[in-house]
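Engineer: Contents of coords35.cif (mmCIF, C-alpha atoms) are below:
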data_target
loop_
_atom_site.label_atom_id
_atom_site.label_comp_id
_atom_site.auth_asym_id
_atom_site.auth_seq_id
_atom_site.Cartn_x
_atom_site.Cartn_y
_atom_site.Cartn_z
CA MET A 71 -14.99 -11.51 0.90
CA SER A 72 -16.26 -13.68 -1.86
CA THR A 73 -13.51 -14.38 -4.33
CA PRO A 74 -12.87 -17.42 -6.48
CA GLY A 75 -10.11 -19.69 -5.30
CA ARG A 76 -6.71 -19.62 -6.92
CA ARG A 77 -7.31 -22.99 -8.49
CA ALA A 78 -10.68 -21.90 -9.86
CA ILE A 79 -9.13 -18.82 -11.42
CA LEU A 80 -6.45 -20.87 -13.11
CA LEU A 81 -8.97 -23.37 -14.40
CA ALA A 82 -11.30 -20.67 -15.67
CA GLY A 83 -8.64 -18.63 -17.43
CA GLY A 84 -7.29 -20.56 -20.35
CA GLY A 85 -5.16 -17.57 -21.24
CA LEU A 86 -3.57 -17.62 -17.84
CA ALA A 87 -2.66 -21.26 -18.18
CA VAL A 88 -1.07 -20.59 -21.55
CA GLY A 89 0.76 -17.59 -20.11
CA ALA A 90 2.11 -19.67 -17.27
CA ALA A 91 3.37 -22.33 -19.61
CA THR A 92 5.00 -19.77 -21.84
CA THR A 93 6.71 -18.05 -18.95
CA GLY A 94 7.88 -21.35 -17.58
CA THR A 95 9.54 -22.11 -20.87
CA ALA A 96 10.97 -18.64 -21.05
CA TRP A 97 12.72 -19.13 -17.70
CA ALA A 98 14.99 -21.78 -19.16
CA ALA A 99 16.04 -19.48 -21.97
CA THR A 100 16.14 -16.01 -20.41
CA GLY A 101 16.00 -16.29 -16.63
CA SER A 102 12.40 -15.05 -16.41
CA PRO A 103 10.70 -16.04 -13.16
CA ALA A 104 8.59 -19.15 -12.97
CA PRO A 105 5.05 -18.06 -12.06
CA ALA A 106 4.06 -21.01 -9.87
CA ARG A 107 2.67 -19.62 -6.65
CA ASP A 108 0.07 -22.05 -5.34
CA GLY A 109 0.85 -22.90 -1.75
CA LEU A 110 3.22 -20.00 -1.21
CA PRO A 111 3.00 -18.91 2.43
CA PRO A 112 2.13 -15.21 2.87
CA ASP A 113 5.48 -14.27 4.37
CA ASP A 114 7.35 -15.98 1.53
CA ASP A 115 5.10 -14.15 -0.89
CA LEU A 116 5.89 -10.81 0.73
CA MET A 117 9.63 -11.56 0.72
CA ARG A 118 9.42 -12.45 -2.96
CA GLU A 119 7.78 -9.10 -3.57
CA HIS A 120 10.66 -7.49 -1.68
CA GLY A 121 12.86 -8.80 -4.48
CA VAL A 122 11.04 -6.48 -6.88
CA LEU A 123 11.58 -3.58 -4.48
CA LYS A 124 15.31 -4.45 -4.20
CA ARG A 125 15.67 -4.36 -7.97
CA VAL A 126 14.01 -0.94 -8.17
CA LEU A 127 16.40 0.26 -5.47
CA LEU A 128 19.27 -0.96 -7.66
CA CYS A 129 17.81 1.04 -10.55
CA TYR A 130 17.59 4.10 -8.32
CA ARG A 131 21.25 3.58 -7.41
CA ALA A 132 22.19 3.27 -11.08
CA MET A 133 20.38 6.51 -11.86
CA THR A 134 22.03 8.27 -8.93
CA SER A 135 25.45 7.17 -10.25
CA GLN A 136 24.46 8.51 -13.64
CA VAL A 137 23.76 11.95 -12.16
CA GLU A 138 27.00 11.89 -10.16
CA ALA A 139 28.83 11.24 -13.41
CA GLY A 140 27.29 14.40 -14.84
CA HIS A 141 24.62 12.83 -17.04
CA PRO A 142 20.97 13.93 -16.96
CA LEU A 143 18.29 11.37 -16.18
CA THR A 144 15.88 10.03 -18.74
CA ALA A 145 12.37 10.86 -17.56
CA ALA A 146 10.92 7.57 -18.78
CA HIS A 147 13.38 5.59 -16.65
CA VAL A 148 12.44 7.56 -13.54
CA GLN A 149 8.75 7.25 -14.30
CA ASP A 150 8.83 3.53 -15.08
CA ALA A 151 10.78 2.63 -11.95
CA ALA A 152 8.69 4.87 -9.67
CA LEU A 153 5.46 3.48 -11.12
CA ILE A 154 6.48 -0.05 -10.15
CA ILE A 155 6.88 1.17 -6.58
CA HIS A 156 3.65 3.17 -6.73
CA ASP A 157 1.44 0.51 -8.27
CA PHE A 158 2.84 -2.71 -6.86
CA THR A 159 4.89 -2.03 -3.73
CA GLU A 160 2.89 0.86 -2.27
CA GLY A 161 -0.47 0.09 -3.86
CA PHE A 162 -0.54 -3.62 -3.08
CA HIS A 163 2.36 -5.15 -1.14
CA GLU A 164 2.34 -2.59 1.66
CA GLY A 165 -1.44 -2.79 1.93
CA LEU A 166 -1.10 -6.51 2.70
CA GLU A 167 1.50 -5.80 5.36
CA GLU A 168 -0.60 -3.01 6.88
CA GLY A 169 -3.87 -4.93 6.74
CA TYR A 170 -2.79 -8.43 7.72
CA VAL A 171 0.73 -8.62 9.15
CA PHE A 172 1.25 -5.56 11.32
CA PRO A 173 -2.14 -5.67 13.11
CA ARG A 174 -1.60 -9.34 13.98
CA LEU A 175 1.83 -8.63 15.45
CA ARG A 176 0.51 -5.74 17.50
CA SER A 177 -2.50 -7.64 18.78
CA ALA A 178 -0.35 -10.66 19.70
CA ASP A 179 1.88 -8.61 21.95
CA PRO A 180 0.31 -5.18 22.49
CA ILE A 181 2.49 -4.24 25.43
CA ASN A 182 5.78 -5.19 23.82
CA SER A 183 7.25 -1.80 23.07
CA THR A 184 9.83 -3.28 20.70
CA VAL A 185 7.14 -4.80 18.49
CA THR A 186 4.79 -1.82 18.57
CA GLY A 187 7.67 0.61 18.09
CA THR A 188 9.03 -1.30 15.10
CA VAL A 189 5.60 -1.54 13.48
CA SER A 190 5.00 2.14 14.05
CA THR A 191 8.33 3.01 12.41
CA LEU A 192 7.56 0.75 9.44
CA LEU A 193 4.19 2.47 8.98
CA VAL A 194 5.76 5.92 9.09
CA GLN A 195 8.35 4.79 6.55
CA HIS A 196 5.64 3.49 4.21
CA ALA A 197 3.96 6.89 4.39
CA ARG A 198 7.22 8.79 3.80
CA GLY A 199 8.08 6.52 0.88
CA ARG A 200 4.75 7.29 -0.77
CA VAL A 201 5.44 11.00 -0.54
CA ILE A 202 8.85 10.51 -2.17
CA THR A 203 7.37 8.37 -4.93
CA GLN A 204 4.73 10.98 -5.61
CA TYR A 205 7.53 13.57 -5.84
CA LEU A 206 9.53 11.42 -8.28
CA LEU A 207 6.51 10.90 -10.51
CA ALA A 208 5.75 14.61 -10.53
CA GLN A 209 9.36 15.49 -11.37
CA ALA A 210 9.39 13.02 -14.25
CA ALA A 211 6.05 14.17 -15.65
CA PRO A 212 6.16 14.88 -19.39
CA VAL A 213 5.71 18.60 -18.85
CA LYS A 214 9.13 18.72 -17.15
CA THR A 215 10.85 16.66 -19.78
CA GLY A 216 13.37 18.33 -22.06
CA PRO A 217 14.67 17.40 -25.49
CA GLY A 218 15.29 13.70 -25.88
CA GLY A 219 13.13 12.95 -22.88
CA THR A 220 15.79 14.03 -20.41
CA LEU A 221 15.40 15.97 -17.19
CA SER A 222 17.33 19.18 -16.60
CA ALA A 223 20.51 19.06 -14.54
CA ASP A 224 18.72 20.69 -11.59
CA THR A 225 15.77 18.32 -11.75
CA SER A 226 18.09 15.34 -12.18
CA ALA A 227 19.96 16.38 -9.04
CA ARG A 228 16.72 16.76 -7.04
CA VAL A 229 15.44 13.41 -8.27
CA SER A 230 18.75 11.77 -7.44
CA GLY A 231 18.58 13.17 -3.90
CA ALA A 232 15.06 11.83 -3.44
CA MET A 233 16.11 8.42 -4.76
CA GLN A 234 19.03 8.30 -2.34
CA ALA A 235 16.70 9.07 0.56
CA PHE A 236 14.33 6.35 -0.60
CA VAL A 237 17.11 3.76 -0.93
CA ARG A 238 18.60 4.70 2.42
CA MET A 239 15.23 4.15 4.11
CA TYR A 240 14.08 1.02 2.31
CA GLU A 241 17.24 -1.07 2.50
CA PRO A 242 17.12 -1.40 6.30
CA HIS A 243 13.31 -1.37 6.19
CA GLU A 244 12.95 -4.49 4.09
CA ALA A 245 15.90 -6.21 5.74
CA ARG A 246 14.21 -5.75 9.13
CA GLU A 247 10.93 -7.07 7.79
CA ASP A 248 12.54 -10.13 6.22
CA THR A 249 14.64 -11.08 9.24
CA VAL A 250 12.52 -9.97 12.19
CA VAL A 251 8.95 -9.03 11.32
CA PHE A 252 8.00 -11.87 9.00
CA PRO A 253 9.65 -14.60 11.11
CA ALA A 254 7.79 -13.25 14.16
CA PHE A 255 4.57 -13.31 12.14
CA ARG A 256 5.15 -16.91 11.13
CA ARG A 257 5.81 -17.93 14.74
CA ILE A 258 2.46 -16.65 15.96
CA VAL A 259 0.20 -17.77 13.10
CA PRO A 260 -0.91 -21.42 12.97
CA ALA A 261 -0.03 -23.37 9.82
CA GLN A 262 -3.59 -23.61 8.48
CA GLU A 263 -4.15 -19.89 8.86
CA LEU A 264 -0.89 -19.24 7.03
CA ALA A 265 -2.05 -21.45 4.18
CA ASP A 266 -5.44 -19.72 4.03
CA LEU A 267 -3.83 -16.30 4.09
CA GLY A 268 -1.38 -17.24 1.35
CA GLN A 269 -4.31 -18.23 -0.81
CA HIS A 270 -6.12 -15.02 0.10
CA PHE A 271 -3.11 -12.92 -0.93
CA ALA A 272 -3.05 -14.70 -4.28
CA ASP A 273 -6.78 -14.06 -4.72
CA LEU A 274 -6.36 -10.38 -3.87
CA GLU A 275 -3.55 -10.06 -6.40
CA GLN A 276 -5.69 -11.64 -9.07
CA GLN A 277 -8.65 -9.47 -8.07
CA GLN A 278 -6.67 -6.22 -8.13
CA PHE A 279 -4.55 -6.77 -11.21
CA GLY A 280 -6.35 -9.52 -13.09
CA ARG A 281 -3.12 -11.47 -13.53
CA ASP A 282 0.04 -12.68 -11.82
CA GLU A 283 1.33 -9.16 -11.23
CA PHE A 284 4.59 -10.28 -9.66
CA THR A 285 5.67 -11.87 -12.92
CA ALA A 286 4.57 -8.80 -14.86
CA MET A 287 6.54 -6.55 -12.51
CA VAL A 288 9.69 -8.64 -12.89
CA ALA A 289 9.41 -8.25 -16.66
CA ARG A 290 9.02 -4.48 -16.29
CA ILE A 291 11.97 -4.09 -13.97
CA THR A 292 14.09 -6.24 -16.27
CA ALA A 293 13.35 -3.84 -19.14
CA ILE A 294 14.38 -0.84 -17.02
CA GLU A 295 17.60 -2.57 -15.93
CA GLN A 296 18.40 -3.34 -19.54
CA ALA A 297 17.85 0.31 -20.50
CA LEU A 298 20.08 1.48 -17.65
CA GLY A 299 22.76 -1.08 -18.47
CA SER A 300 22.50 -2.75 -15.09
CA TYR A 301 20.80 -6.00 -16.09
CA ASP A 302 23.88 -8.13 -16.80
CA LEU A 303 24.50 -9.78 -13.45
CA SER A 304 28.12 -10.59 -14.26
CA GLN A 305 29.11 -6.91 -14.19
CA PHE A 306 28.74 -6.99 -10.41
CA THR A 307 31.20 -9.84 -9.94
CA PRO A 308 34.39 -8.42 -8.45
CA SER A 309 37.88 -9.29 -9.47
CA VAL A 310 39.57 -11.21 -6.69
CA THR A 311 43.08 -10.55 -7.86
CA PRO A 312 43.80 -8.06 -5.06
CA TYR A 313 42.57 -10.56 -2.49
CA LEU A 314 44.47 -13.62 -3.62
CA PRO A 315 47.20 -14.87 -1.28
CA ALA A 316 50.56 -13.44 -2.15
CA MET B 230 -8.62 -16.11 15.63
CA ASN B 231 -9.88 -18.51 12.98
CA SER B 232 -9.00 -18.33 9.32
CA ARG B 233 -12.29 -16.70 8.34
CA VAL B 234 -11.67 -13.85 10.74
CA TRP B 235 -8.17 -13.55 9.30
CA LEU B 236 -9.49 -12.73 5.87
CA LEU B 237 -11.48 -9.87 7.32
CA ALA B 238 -8.49 -8.35 9.08
CA PRO B 239 -8.56 -4.93 7.38
CA ALA B 240 -12.25 -4.59 8.13
CA LEU B 241 -11.59 -5.50 11.73
CA ALA B 242 -8.88 -2.86 11.89
CA GLY B 243 -11.53 -0.37 10.86
CA LEU B 244 -13.81 -1.64 13.59
CA LEU B 245 -11.14 -1.25 16.20
CA LEU B 246 -10.45 2.28 15.11
CA ALA B 247 -14.00 3.44 15.01
CA ALA B 248 -16.45 1.44 17.11
CA GLY B 249 -19.76 2.30 15.49
CA CYS B 250 -22.82 0.95 13.75
CA GLY B 251 -25.72 1.40 11.34
CA GLY B 252 -26.68 1.18 7.69
CA ARG B 253 -28.01 3.68 5.21
CA SER B 254 -31.06 3.85 7.45
CA ALA B 255 -29.17 3.65 10.72
CA PRO B 256 -30.12 6.18 13.33
CA ALA B 257 -27.92 9.21 13.70
CA ALA B 258 -27.55 9.85 17.39
CA SER B 259 -29.80 8.01 19.82
CA GLY B 260 -30.15 4.33 20.50
CA HIS B 261 -28.36 1.63 22.41
CA GLY B 262 -25.29 -0.27 21.41
CA PRO B 263 -21.92 0.94 20.22
CA LYS B 264 -21.66 4.42 18.82
CA VAL B 265 -19.20 5.87 16.37
CA THR B 266 -18.52 9.54 16.87
CA VAL B 267 -17.20 11.98 14.31
CA LEU B 268 -15.58 15.17 15.53
CA THR B 269 -13.82 18.16 14.02
CA ARG B 270 -10.33 19.24 14.95
CA HIS B 271 -7.73 21.70 13.74
CA LEU B 272 -4.76 19.79 12.34
CA ASP B 273 -1.46 21.34 11.35
CA GLY B 274 -1.25 21.90 7.62
CA VAL B 275 -4.90 21.21 6.82
CA GLY B 276 -6.96 23.25 9.29
CA GLN B 277 -10.36 22.23 10.63
CA VAL B 278 -11.24 18.74 9.39
CA LEU B 279 -13.22 15.65 10.38
CA VAL B 280 -11.55 13.25 12.81
CA THR B 281 -12.44 10.11 14.74
CA ALA B 282 -13.25 10.21 18.43
CA LYS B 283 -9.57 9.48 19.06
CA GLY B 284 -8.49 12.36 16.88
CA TYR B 285 -7.36 10.48 13.76
CA ALA B 286 -7.96 12.29 10.46
CA LEU B 287 -10.78 10.99 8.27
CA TYR B 288 -10.28 10.77 4.50
CA MET B 289 -12.40 10.44 1.38
CA PHE B 290 -11.35 8.51 -1.74
CA GLU B 291 -12.13 10.13 -5.10
CA PRO B 292 -13.08 6.92 -6.94
CA ASP B 293 -15.86 6.39 -4.38
CA ASN B 294 -17.59 9.29 -6.10
CA GLN B 295 -19.86 9.99 -3.10
CA ARG B 296 -21.65 6.80 -4.01
CA SER B 297 -20.03 3.57 -2.91
CA VAL B 298 -17.13 1.93 -1.08
CA THR B 299 -14.50 1.03 -3.67
CA CYS B 300 -11.42 0.68 -1.45
CA THR B 301 -11.24 -3.02 -0.61
CA GLY B 302 -8.55 -5.71 -0.36
CA ALA B 303 -5.00 -4.35 -0.06
CA CYS B 304 -6.37 -0.81 -0.32
CA ALA B 305 -8.41 -1.32 2.85
CA GLY B 306 -5.22 -2.50 4.54
CA SER B 307 -3.67 0.94 4.08
CA TRP B 308 -6.95 2.84 4.45
CA PRO B 309 -9.13 1.05 7.01
CA PRO B 310 -12.75 2.02 6.43
CA VAL B 311 -14.63 3.39 9.43
CA LYS B 312 -17.00 0.52 10.08
CA VAL B 313 -20.46 0.84 11.55
CA PRO B 314 -21.15 -2.28 13.65
CA ASP B 315 -24.58 -3.89 13.72
CA GLY B 316 -26.98 -2.50 16.25
CA GLY B 317 -25.24 0.76 16.98
CA SER B 318 -25.50 4.35 15.86
CA TYR B 319 -23.37 7.25 14.77
CA VAL B 320 -23.01 10.54 16.53
CA ALA B 321 -22.15 14.01 15.25
CA GLY B 322 -19.78 15.75 17.61
CA ALA B 323 -19.22 19.48 17.88
CA GLY B 324 -18.88 21.13 14.48
CA VAL B 325 -20.17 18.09 12.59
CA ASP B 326 -23.44 18.27 10.64
CA GLY B 327 -25.40 15.21 11.72
CA LYS B 328 -27.58 15.39 8.62
CA LEU B 329 -24.52 14.59 6.49
CA LEU B 330 -23.76 11.34 8.32
CA GLY B 331 -24.89 8.04 6.82
CA SER B 332 -23.50 4.70 5.78
CA ASP B 333 -22.85 2.58 2.71
CA PRO B 334 -22.49 -1.17 2.33
CA ASP B 335 -18.92 -2.45 2.37
CA PRO B 336 -18.32 -5.07 -0.36
CA GLU B 337 -16.25 -6.93 2.23
CA GLY B 338 -19.13 -6.96 4.70
CA GLY B 339 -20.94 -4.60 7.05
CA GLN B 340 -21.42 -0.88 6.66
CA VAL B 341 -19.00 2.01 6.27
CA LEU B 342 -19.73 5.39 7.78
CA THR B 343 -20.25 8.19 5.24
CA TYR B 344 -20.27 11.98 5.38
CA ASN B 345 -21.94 13.95 2.63
CA GLY B 346 -22.03 10.68 0.72
CA TRP B 347 -18.28 10.05 1.03
CA PRO B 348 -17.28 6.76 2.68
CA LEU B 349 -14.82 7.57 5.47
CA TYR B 350 -11.41 6.00 5.99
CA THR B 351 -8.46 6.41 8.31
CA TYR B 352 -4.83 6.08 7.13
CA THR B 353 -2.23 3.69 8.53
CA GLY B 354 0.46 6.33 7.96
CA ASP B 355 -1.15 8.44 10.67
CA VAL B 356 0.45 6.64 13.60
CA GLN B 357 -0.68 9.28 16.08
CA PRO B 358 -3.79 11.43 16.41
CA ALA B 359 -3.81 14.89 14.85
CA GLN B 360 -1.77 13.87 11.80
CA ALA B 361 -2.88 14.05 8.17
CA THR B 362 0.01 12.38 6.37
CA GLY B 363 -2.32 10.90 3.76
CA GLN B 364 -3.60 14.27 2.58
CA ALA B 365 -3.49 14.65 -1.23
CA ILE B 366 -1.76 11.30 -1.71
CA ASP B 367 -2.39 9.43 -4.96
CA LEU B 368 -2.56 5.79 -3.97
CA ASN B 369 -4.57 2.65 -4.68
CA GLY B 370 -6.12 4.10 -7.80
CA GLY B 371 -7.06 7.61 -6.79
CA GLU B 372 -6.53 10.69 -4.69
CA TRP B 373 -7.19 10.89 -0.95
CA TYR B 374 -8.27 14.03 0.87
CA VAL B 375 -9.35 15.03 4.33
CA LEU B 376 -12.87 16.42 4.64
CA ARG B 377 -13.96 19.84 5.82
CA PRO B 378 -16.91 20.05 8.24
CA ASP B 379 -19.17 21.09 5.33
CA GLY B 380 -18.43 17.73 3.68
CA SER B 381 -16.16 19.02 0.91
CA PRO B 382 -12.74 17.45 0.25
CA LEU B 383 -9.77 19.68 1.00
CA LYS B 384 -8.11 19.78 -2.41
CA PRO B 385 -4.96 21.82 -3.01
CA THR B 386 -5.50 24.92 -5.10
CA PRO B 387 -4.02 24.48 -8.58
#
Once more with this new file: its structure as structure tokens, please.
Structural biologist:
Amino acid sequence: MSTPGRRAILLAGGGLAVGAATTGTAWAATGSPAPARDGLPPDDDLMREHGVLKRVLLCYRAMTSQVEAGHPLTAAHVQDAALIIHDFTEGFHEGLEEGYVFPRLRSADPINSTVTGTVSTLLVQHARGRVITQYLLAQAAPVKTGPGGTLSADTSARVSGAMQAFVRMYEPHEAREDTVVFPAFRRIVPAQELADLGQHFADLEQQQFGRDEFTAMVARITAIEQALGSYDLSQFTPSVTPYLPA
Amino acid sequence: MNSRVWLLAPALAGLLLAAGCGGRSAPAASGHGPKVTVLTRHLDGVGQVLVTAKGYALYMFEPDNQRSVTCTGACAGSWPPVKVPDGGSYVAGAGVDGKLLGSDPDPEGGQVLTYNGWPLYTYTGDVQPAQATGQAIDLNGGEWYVLRPDGSPLKPTP
């Protein structure tokens, strides 16, 4: 494939350079992610992208809790969160895993049934996840939206069930990839190839989205968390009073 | 495997799945070298559709518009194109209209097998033959459908 190098893209795009500087400044003030990515190994890149997935799973959990408390879901929240999965996780991140990581693992040890079995399960789970995401997007389509942009109680319950199934599958899925699959990948790929592939992933991201999509996705998920009231990290800090020594 | 080969990994996956050859002018049927064979098979849920020689469902991608290969990069990781290796030929199996077979250039290199003008892809979600888990999925910028033997996509009725 003939694509410009990461460095060339950054040099050519004055706007990108300005954007990077702005975001870097914003980090200090708001906690936005720093965009620097040059030299990021491919497995680190994929694990970073798992962070976006984790945050969508947290949003799905927040929406499920909302339904359990008897409140209908807001269609826009469902749609926005599912679109991040659809466009970035399923439409990009998983394609990298399926095109570059899984085949290499299988070819390195084709008779290892643990490796081939794990990869096969991960592929099936990607496919099932895409079906669930498509379902969520269809349920949250404007035609199904009631007054105030909310979903009916029945639709909210069905969406909540689908979200729970998605979360239940993807939590162990990404944990297995981060702790077993990616480390195995790193062990079998020489350092120079890892560096080349990291650059290639960055080029593909630029080619597909025309920008640092990871940073854009973090901004989008932050907005959804804020709307759901789950952005403030401190709310998850437990009280330790019950656990203090008597 | 050197780093250059690495960058072509999705294309290689397609090669491994399909073993074939050609170009827009590549011969359909005879000739020496590797051959890629397209068959038809009845699959649960979708009926009689095009499959690879190993029985994996073949898909078309709407944005290709019966004209060109547009699924590249991460897309080709999930949907490996059926590659046509240099110096080979493609073969129409039972139920397949050989006149509809052809090939289009792949922007990432080589040629992709086509049927009725549609570039053909397999789907990584089909982990076994005789599955069609990618049918009617909206992913990577468009809809994916299996193909009937007459070359038409199997679209759900509205």
Engineer: Pick out the chain A residues within 10 Å of chain B. Count all atoms listed in the file. Give them as number ranges by chain.
Structural biologist: A: 71-72, 156-158, 160-174, 189-198, 200-201, 203-204, 259-260, 262-267, 270-271, 273-275, 277-278
Engineer: By how many Å are CA of Leu349 in chain B and CA of Lys312 in chain B apart?
Structural biologist: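 Between these atoms lies a distance of 8.7 Å.
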Engineer: Quick one: everything within 9 Å of range 127-138 of chain A, counting all atoms listed in the file, minus sequence neighbours fewer than 2 positions away in the same chain. Send it as a short mmCIF file (atom, residue, chain, number, x, y, z; two decimals) with C-alpha atoms, in the frame of the given file.
Structural biologist:
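Saved file out-v3.cif follows:
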data_model
loop_
_atom_site.label_atom_id
_atom_site.label_comp_id
_atom_site.auth_asym_id
_atom_site.auth_seq_id
_atom_site.Cartn_x
_atom_site.Cartn_y
_atom_site.Cartn_z
CA VAL A 122 11.04 -6.48 -6.88
CA LEU A 123 11.58 -3.58 -4.48
CA LYS A 124 15.31 -4.45 -4.20
CA ARG A 125 15.67 -4.36 -7.97
CA GLY A 140 27.29 14.40 -14.84
CA HIS A 141 24.62 12.83 -17.04
CA PRO A 142 20.97 13.93 -16.96
CA LEU A 143 18.29 11.37 -16.18
CA THR A 144 15.88 10.03 -18.74
CA HIS A 147 13.38 5.59 -16.65
CA VAL A 148 12.44 7.56 -13.54
CA ALA A 151 10.78 2.63 -11.95
CA ALA A 223 20.51 19.06 -14.54
CA SER A 226 18.09 15.34 -12.18
CA ALA A 227 19.96 16.38 -9.04
CA VAL A 229 15.44 13.41 -8.27
CA SER A 230 18.75 11.77 -7.44
CA GLY A 231 18.58 13.17 -3.90
CA MET A 233 16.11 8.42 -4.76
CA GLN A 234 19.03 8.30 -2.34
CA PHE A 236 14.33 6.35 -0.60
CA VAL A 237 17.11 3.76 -0.93
CA TYR A 240 14.08 1.02 2.31
CA GLU A 241 17.24 -1.07 2.50
CA ILE A 291 11.97 -4.09 -13.97
CA ILE A 294 14.38 -0.84 -17.02
CA GLU A 295 17.60 -2.57 -15.93
CA LEU A 298 20.08 1.48 -17.65
CA GLY A 299 22.76 -1.08 -18.47
CA SER A 300 22.50 -2.75 -15.09
#
Engineer: Could you tell me how far CA of Asn294 in chain B sits from CA of Gly339 in chain B, in Å to one decimal place?
Structural biologist: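 One can read the CA of Gly339 in chain B to CA of Asn294 in chain B distance as 19.4 Å.
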Engineer: Using Å and a single decimal, report how far CA of Thr249 in chain A sits from CA of Leu153 in chain A.
Structural biologist: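 Separation between CA of Leu153 in chain A and CA of Thr249 in chain A: 26.7 Å.
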Engineer: Using only C-alpha atoms, determine which residues lie at most 9 Å from range 272-285 of chain B, disregarding the query and same-chain residues fewer than 2 positions distant; provide the list as an MDAnalysis selection string.
Structural biologist: chainID B and resid 246:247 265:270 287:288 311 322 324:325 351:352 355:361 364 375:378 380 383
Engineer: With all atoms listed in the file as the counted atoms, please give the residues lying no more than 10 Å from Ala211 in chain A, apart from itself and same-chain residues fewer than 3 positions off, as a PyMOL selection string.
Structural biologist: chain A and resi 145-146+148-149+205-208+214-215+221
Engineer: Please determine an axis-aligned box that encloses all atoms of range 348-358 of chain B listed in the file, with 6 Å added on each side, and express its centre and edge lengths in Å to one decimal as JSON.
Structural biologist:
{"center_x": -8.4, "center_y": 7.6, "center_z": 9.5, "size_x": 29.7, "size_y": 19.7, "size_z": 25.7}
Engineer: Let me make sure I understand: among B:Ser332, B:Pro314, B:Gly346, B:His261, which one has the smallest atom-to-atom distance to Asp293 in chain B if we use all atoms listed in the file?
Structural biologist: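 Once distances to Asp293 in chain B are computed over all atoms listed in the file, the minimum belongs to B:Gly346.
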Engineer: Give me the result of the PyMOL selection byres ((chain A and resi 250-253) around 12) on this file, residue by residue, as a PyMOL selection string.
Structural biologist: chain A and resi 111-117+120+167+170-176+184-189+192+242-249+254-259+264
